[in-house]
Each structure stands twice: as structure tokens, then as C-alpha cells.
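Single-structure report; data block below.
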Amino acid sequence: MVTHTGANAGRVVAGDEPGGNNGGPGAVISVSGLTKQYGEVQAVRGIDFEVTRGETFGFLGPNGAGKTTTIKILCTLANATSGTARVAGHDAATERDSVRRNIGLVFQDTTLDTYLTAAQNLRFHAELYGVPKAAVEPRMRQVMDMVGLWDRKDSLVSTYSGGMQRRLEIARGLLHAPRVLFLDEPTVGLDPQTRSSIWKYINDLKRREDITIFLTTHYMDEAENCDRIAIIDHGQIVAIDTPEALKASVGKDRVQIHTADDTAAIAALADTFGLDAAVHEGAVTFSVASGEQFVPRLFAEFSVPIRSVSVSRPSLDDVFMSYTGTTIRDAEASGTDAMRQMVQRFRAGRR
Amino acid sequence: MATQTTDVTAASAGGGQLVDEIRVAVPEGGLRHDLRAVGIVWRRELIRFRTDRLRAVTSLIQPVLFLFVLGTGLGALAGRSLPPGISFKTFIYPGVLAMSVLFTAIFSAASIVWDREFGFLREILVAPVSRASIVIGKILGGATIATFQGIIFLILAGFADVPYNPVLIITLVGELLLLSFTLTAFGVMMAARIKQFQAFMALTQMLVMPLFFLSGALYPLSGLPAWLSVLTRIDPLTYIVGPMRHAVFNHLTIAAASEQHLSPGITWAGWVVPLGVSLGIVTIMGLGMTAVAIAEFRKTE
């Protein structure tokens, strides 16, 4: 039997009055015409979206697509070049402190003081956010229970594993009962087992707190945990919908074949079946309706020797591919993106 | 049995004392909130210092070397021009005391650069508190630690034949606090601009030694060649080393003529700068640099 840790911990009520006067009804985040220019590099090229209260909203895209830049603008850490962003009913550029009071943040890189204990880190946060003194201890216990770290509260953070540090950051981000929790690549650099445990905590959290979650990821499988996804590529939103609707919009199955001669195979696919194929991740890849019925035909009529075949249902990978023309891994491997990523890292380092 | 074990875990984790709704209402800001922020940033500096005993020890090595090794060695030579009863160690003690806080104060600001590289600064910068409270907390924290270092060095005063007079000690501690504040403000101002740890260390190292050597910590300010005389008057450290030496010499039994020679006070074209003005200059510089640091931290990418 599995007992959820801290199952008897109560719901937390956010301090601020809900609802923004601007934006759509129930919109906790509303962004319009947002752009951000770093010198020559245009990191964000005019994006619009809204996130409703209680939603888990994901930004999906390769590294360097503009995800982190957008999050930084929403979190008041960067100024937009143009456009507006409102978070929890406040303007992210002109009402910074009001936005800051209502958001919690978990960054890609750890922002813990590893020379302090976990409890000291949380207490620091509580003081900085002005959490009422009487509420600090019980709330600390509640959030640390939620991520299963209460019994390690007095250990130095430097003795924590990467996964534990990330959990502690999530706990800290929740300490002041924010209305929106921003998670920038919450599971990057963690092993698969730890990644899934982080997701367990996030999903737990959604049930327990009245909170809107905005996250970025470049893991397709993780994006499936979101209520809605925006696919972002080269600083623009190319699609925005629920994971199911996005997958349905693709409709076709993805077939990947390994052949003796890829060039000949691509030509043959075009000639014989009128299919548009390309090499992705080392395999000839194409989309076709009802893939499992197509494969027998392929074997019967295809001239190029085939070594292996795989057929997959539309996944977010395919969604990403159908909207951007490339897989997310290819996009990351491409030179221009690597360059953009470098510029971004450089910027992040300077901040 | 297994069920029971997990239940115990849950019970001890939940505690049962938790109220059903923990109401966390983050306040609208204001002075009280800002003061809490100053307090916690200050306290973090102290916690970090307490866990870093090595730093406390190593930063005392340099002033101890200056006082005892350089002081004794050069004292054999310089002693001849000193009046009887005054050792070279006594003469340089106020200057070396200033030095004991110099490194700690400026380098305490290095933690900002460090925090930036390791991400913790971001945790501070997204908090809904005024940038001023962060900067002030940081400066007060560094100043407290540096003053504490100075007090440890003050304990060694007897070895340099400086009397343990309560008035003298209180005066020196006050002056150390002022000095530490201004130096930390200087460090924080630099750290606001310099984003790389190596660059910060290199630049501050480069500035610290000239500041120290030009302050008159090791020689009297009278009878210097014109170029050195001008440089000493430009060095802000001069305006605190002077008053500190004045305080020490006030509590020594020494002929007025000798005191006039060894602790002549700071002069601008023959005008003796009063102590109050001297300390005022240091205070104003400290406040000015604090203001610059706050302005720097207000900027957003």
C-alpha cells in the first residue's frame, strides 16, 4: 500500500485576490505581441497566448527556441523589447513586485545556496517573501512533506542529489503560496527515474493546491502531462492546443525504415507511393495514414532492401515535426540552433 | 504490518498538528517587509561566515605578518628615528588594524559574483523586495563580518604596546565599522558590474594593495615628496587610517612634538582636515557607493 506523504496536509489558499481585470476571463497569464531582441539575435518574435487559472501549460520546443527568454520576461527578470505580458493580473514590466509576490520559480540551473541547509534555504525564502512568521514553520513542513524531504531538512544542500535539489526547489517555489508556478525545464539533467518522480510531485501538487503551472520542456513525453501545449520554434508559436488535439491534427502514423540505400529509398517512396520522406535520426521517415496496413504493401512493392521497420502512432514528436518540418532532436543538433543556444547561455551567465 | 509502517511514516510526516488551511498571505510590501529582507540577507552572510572558519583564520594571517614580521624587522631600522618608548609596531598598528578588515570587507562582496555564477542571486532578484534592501543587507552583512575580524585583531593590541583603554577600543571599533561599511559598499558596487569571479578577484586584488600602501598605514603623512603627498590625499583609506592613528596616539604617553611628527593629521595645502570632516568623507563615500550599487541592481536585462 502506498500512502502519499503529507496526505493530511491541507489545501493552501493563495493570499492575493484571484482574477485579473485584464485579459480573458480567468486568464492568469496573458501575453500579446511579445518580442525580445538580444543585439542581433531575435530570441522571441511576437508571441500571443493565454493561460487560464488552474491549467498546466507547457512550452515545448528545442533549446534556443525562446522558451527561457519568455519565462524570464514573465518572471520580471528580463524586459520585453515590445509587447505586453500580464501575470496574475499584473503587468510584468511595470508592476514587478506584484507579479513577483504571486509567482514561484524553479529554474533550469539550481538557485539554492548549497552551503546552507535545506531549512535555512527555505527560511531565507520565507523572510524574503514576507511570509507571516506564524505560518513559516507549518508551511515549510507542508511543502517539504509534499516532496518527501522533511526528514532531511537539516542537511546541507551540498549533500543533496540532483533530484533532491530539484524537489527542494519546487518546495521552495511553493512556500509563499504563489498563484503561478513557473518550471523552466524542471527535469533537465535528471535520470529517467528521478524525472518521473518529479512529475509525480508536480501532478500531486496540482491536485492539492489552487495553482496554475507554466512549464517549459524539450522532452516530448513530459509535454503530455500538460493540459495545453504551445509549440515554439525560432521564437514563434507554431501551434497551441491540448496534446490530444495536436496529435489528432496530425492524423497519420509515422513510419521509419532502415534501408541499405537511404537515397534510393527516398526516391523509390516518392515514385512508387507518392510519399514525401526524409532522413531523421538516422532513419528514412515518412507519415502515412494507417501505417500497419501500409507496411505489407511496402514489403511487396518496394525495390530497395529494408533492414527494419517501425510504425508509431502520432506522438508529440510527430506534431512537432508536422509543424516545424524537423524533429526536436534534429532541431537541436542543427548548427544555427547550437549557435543560438550558445548566445542564450552566454546571456544567462551574464545575468 | 507493512501497512502500519507506511502509516507511521505518513503520520509522522503529516504530524497531525497541521491546520487544514495554512493561510499564506504574502504582504503588499512596505518598510517592515523590507527590513525583514535586510535582516535575512544580513543573517545569511553571518551563517556563511560561521561555517567558513578557515576564512576567518586565513584573513588574519596577512595583518599578523605585517605587524609582527615586518613590524619587528623594519622596526630595527626605523626605531632609530622614533622617539624613545614608541616602537615601530605601535606606529603601524592602526594601519595594520585597518588592513585586517580591508580584505574581508571587499571580498565579502565577492559572494555576490559567486552567487551570480551559481544561480542563487536569481533567487534573490526575483523576490518581491526592493533592490535597496538586498544591497543594504549585503553591505551590512559584509561590514559586520569585517568588523568582527578587526575586533579579533584588536585583541592583539597589547603585543604592539597599544593600551587596552575602553574609550580607545570603542573608538577603534566604531571606526572599523565605518571603514568596513565603506569598503564593502565599494566591493558590492564593483560586484554589481563585474560578472566573472576571476575578473572580480583580479581587479580587487589590483586595487587593494595601492589603497593600503597609499593610506599612510606604514609611514607618517608629513615630509613626503609632493607626488606621494598628493596620492595619499586621494586615497580614501587615508581618511580613516588618520583618525585611527590619532585615536591610538591620544592614548599613548608621548611628547607633543613627537606626536605632531608621527601623527600629523591630514593636510590639504597646509589646512589640517578636522577628524569630523575626515570621517565624514569616508561616510559620504560609503553612502554614495551604496546608492550606485542599488542603482546598478535596479537595472533589468
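Within each chain, counting starts at residue 1; across the C-alpha cells, chains are named A, B, ... in the order shown, with ligands numbered 1 upward in that order.
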May I have a table of the residues of region 175-257 of chain B lying at most 9 Å from region 156-167 of chain B, giving each one's closest pair of atoms and their distance in Å to one decimal, counting only C-alpha atoms, ordered by chain and ascending residue number, as a tab-separated table?
```
residue	atom	partner	partner_atom	distance
B:Val248	CA	B:Val162	CA	7.1
B:Phe249	CA	B:Val162	CA	8.9
B:His251	CA	B:Pro163	CA	7.2
B:Leu252	CA	B:Val162	CA	7.5
```
Region 106-264 of chain B: residues DSSP assigns to helix (DSSP H, G or I), reported as number ranges by chain:
B: 106-108, 110-117, 120-125, 131-160, 166-193, 197-213, 226-234, 238-250, 256-262
CA of Ser30 (chain A) to CA of Thr52 (chain A), straight-line distance in Å
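Separation between CA of Thr52 (chain A) and CA of Ser30 (chain A): 8.7 Å.
Near region 270-277 of chain A, within a cut-off of 10 Å and counting only C-alpha atoms, sit the residues Val255, Gln256, Asp262, Thr263, Ala264, Ala265, Ile266, Ala267, Ala268, Val279, His280, Ala283, Val284, Thr285, Phe286, Ser287, Val288, Arg297, Leu298, Glu301, Phe302 and Ser303 of chain A, with same-chain residues fewer than 2 positions away left out.
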Store the residues of this selection in a file with N, CA and C atoms, as a CSV table (one decimal), in the first residue's frame.
```
chain,number,residue,atom,x,y,z
A,255,VAL,N,6.2,6.2,-40.0
A,255,VAL,CA,6.9,5.0,-40.3
A,255,VAL,C,8.4,5.4,-40.5
A,256,GLN,N,9.2,4.6,-39.9
A,256,GLN,CA,10.7,4.8,-40.0
A,256,GLN,C,11.2,3.5,-40.5
A,262,ASP,N,19.6,4.8,-48.4
A,262,ASP,CA,18.6,5.7,-48.0
A,262,ASP,C,18.1,6.6,-49.2
A,263,THR,N,19.1,7.1,-49.9
A,263,THR,CA,18.8,8.0,-51.0
A,263,THR,C,17.8,7.3,-52.1
A,264,ALA,N,18.2,6.1,-52.4
A,264,ALA,CA,17.4,5.3,-53.3
A,264,ALA,C,16.0,5.1,-52.7
A,265,ALA,N,16.0,4.8,-51.4
A,265,ALA,CA,14.7,4.5,-50.7
A,265,ALA,C,13.8,5.7,-50.8
A,266,ILE,N,14.3,6.9,-50.6
A,266,ILE,CA,13.5,8.1,-50.6
A,266,ILE,C,12.9,8.4,-52.0
A,267,ALA,N,13.8,8.1,-53.0
A,267,ALA,CA,13.3,8.3,-54.4
A,267,ALA,C,12.2,7.3,-54.7
A,268,ALA,N,12.5,6.0,-54.3
A,268,ALA,CA,11.5,5.0,-54.5
A,268,ALA,C,10.2,5.2,-53.9
A,279,VAL,N,15.4,11.8,-44.1
A,279,VAL,CA,16.1,11.1,-43.1
A,279,VAL,C,16.1,11.9,-41.8
A,280,HIS,N,15.6,11.3,-40.7
A,280,HIS,CA,15.6,11.9,-39.4
A,280,HIS,C,16.1,10.9,-38.4
A,283,ALA,N,17.1,7.4,-39.8
A,283,ALA,CA,16.2,6.5,-40.5
A,283,ALA,C,15.4,7.3,-41.5
A,284,VAL,N,15.0,6.6,-42.5
A,284,VAL,CA,14.1,7.2,-43.5
A,284,VAL,C,12.7,7.3,-42.9
A,285,THR,N,12.2,8.5,-42.8
A,285,THR,CA,11.0,8.7,-42.0
A,285,THR,C,9.9,9.3,-42.9
A,286,PHE,N,8.7,8.8,-42.8
A,286,PHE,CA,7.6,9.4,-43.5
A,286,PHE,C,6.3,9.2,-42.8
A,287,SER,N,5.3,10.0,-43.1
A,287,SER,CA,4.0,9.8,-42.5
A,287,SER,C,3.0,9.3,-43.5
A,288,VAL,N,2.1,8.4,-42.9
A,288,VAL,CA,1.1,7.8,-43.8
A,288,VAL,C,-0.1,7.4,-42.9
A,297,ARG,N,2.2,-3.6,-48.0
A,297,ARG,CA,2.3,-3.1,-49.4
A,297,ARG,C,3.8,-2.7,-49.6
A,298,LEU,N,4.3,-2.1,-48.6
A,298,LEU,CA,5.7,-1.6,-48.7
A,298,LEU,C,6.6,-2.8,-49.0
A,301,GLU,N,6.0,-4.2,-52.7
A,301,GLU,CA,6.2,-3.4,-53.9
A,301,GLU,C,7.6,-2.6,-53.9
A,302,PHE,N,8.3,-2.7,-52.7
A,302,PHE,CA,9.5,-1.8,-52.6
A,302,PHE,C,10.7,-2.5,-53.2
A,303,SER,N,11.5,-1.7,-53.9
A,303,SER,CA,12.6,-2.3,-54.6
A,303,SER,C,13.9,-2.3,-53.7
```
Give the strand (DSSP E) residues of region 220-271 of chain A, as assigned by DSSP on the backbone, as a PDB file with C-alpha atoms, in the first residue's frame.
```pdb
ATOM      1  CA  ARG A 228      -2.331  22.550 -23.160  1.00  0.00           C
ATOM      2  CA  ILE A 229       0.860  22.925 -25.107  1.00  0.00           C
ATOM      3  CA  ALA A 230       2.337  25.694 -27.186  1.00  0.00           C
ATOM      4  CA  ILE A 231       4.923  24.534 -29.676  1.00  0.00           C
ATOM      5  CA  ILE A 232       7.584  27.157 -30.036  1.00  0.00           C
ATOM      6  CA  ASP A 233      10.241  27.203 -32.714  1.00  0.00           C
ATOM      7  CA  GLN A 236       7.396  31.843 -32.631  1.00  0.00           C
ATOM      8  CA  ILE A 237       4.440  29.791 -31.507  1.00  0.00           C
ATOM      9  CA  VAL A 238       3.613  27.430 -34.333  1.00  0.00           C
ATOM     10  CA  ALA A 239       0.764  25.537 -32.658  1.00  0.00           C
ATOM     11  CA  ILE A 240      -1.193  25.736 -29.440  1.00  0.00           C
ATOM     12  CA  ASP A 241      -3.738  23.182 -28.195  1.00  0.00           C
ATOM     13  CA  ASP A 253       1.215   7.321 -38.367  1.00  0.00           C
ATOM     14  CA  ARG A 254       4.924   7.717 -38.543  1.00  0.00           C
ATOM     15  CA  VAL A 255       6.911   5.023 -40.323  1.00  0.00           C
ATOM     16  CA  GLN A 256      10.660   4.757 -40.016  1.00  0.00           C
ATOM     17  CA  ILE A 257      12.652   2.328 -42.116  1.00  0.00           C
ATOM     18  CA  HIS A 258      16.303   1.411 -42.090  1.00  0.00           C
ATOM     19  CA  THR A 259      17.460   0.563 -45.601  1.00  0.00           C
TER      20      THR A 259
END
```
What does the distance from CA of Glu175 (chain B) to CA of Val292 (chain B) come to in Å, to one decimal?
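Separation of CA of Glu175 (chain B) and CA of Val292 (chain B): 22.7 Å.
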Hey, what's within 7 Å of region 45-55 of chain B if we count only C-alpha atoms and toss same-chain stuff fewer than 2 positions away? As an NGL selection string, please?
:B and (41-43 or 57-59 or 141-142 or 145)
Can you pull out every residue within 8 Å of Thr110 (chain A), counting only C-alpha atoms, but drop anything in the same chain fewer than 6 positions away, and send it as a PDB file with C-alpha atoms, in the first residue's frame?
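File around-v6.pdb, as written:
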```pdb
ATOM      1  CA  GLN A 165      17.803  19.599  -5.052  1.00  0.00           C
ATOM      2  CA  ARG A 166      15.166  19.960  -7.748  1.00  0.00           C
ATOM      3  CA  GLU A 169      13.469  23.979  -5.319  1.00  0.00           C
TER       4      GLU A 169
ATOM      5  CA  PHE B 118      25.945  29.676  -9.053  1.00  0.00           C
ATOM      6  CA  GLY B 119      22.447  30.986  -9.610  1.00  0.00           C
ATOM      7  CA  PHE B 120      21.493  31.954  -6.060  1.00  0.00           C
TER       8      PHE B 120
END
```
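Candidate residues A:Trp199, A:Tyr38, A:Tyr160, A:Phe182 were compared for distance to Lys72 (chain A), and the nearest is A:Phe182, using only C-alpha atoms.
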Could you give me, as a list in words, the residues within 7 Å of Ile294 (chain B), counting only C-alpha atoms and dropping anything in the same chain fewer than 2 positions from it?
Arg131, Ala132, Val135, Thr290, Ala291, Val292, Glu296, Phe297 and Arg298 of chain B
Would you mind reading off the distance between CA of Leu211 (chain B) and CA of Pro83 (chain B), one decimal, in Å?
27.8 Å
All residues 8 Å or closer to Val131 (chain A), only C-alpha atoms, same chain fewer than 6 positions away omitted, as JSON, numbers by chain
{"A": [176], "B": [24, 25, 26, 27]}
Looking at A:Met146, A:Leu34, A:Ala65, A:Ala43, which one is nearest to chain B, with distances taken over only C-alpha atoms?
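Answer, going by the shortest atom-to-atom distance: A:Met146.
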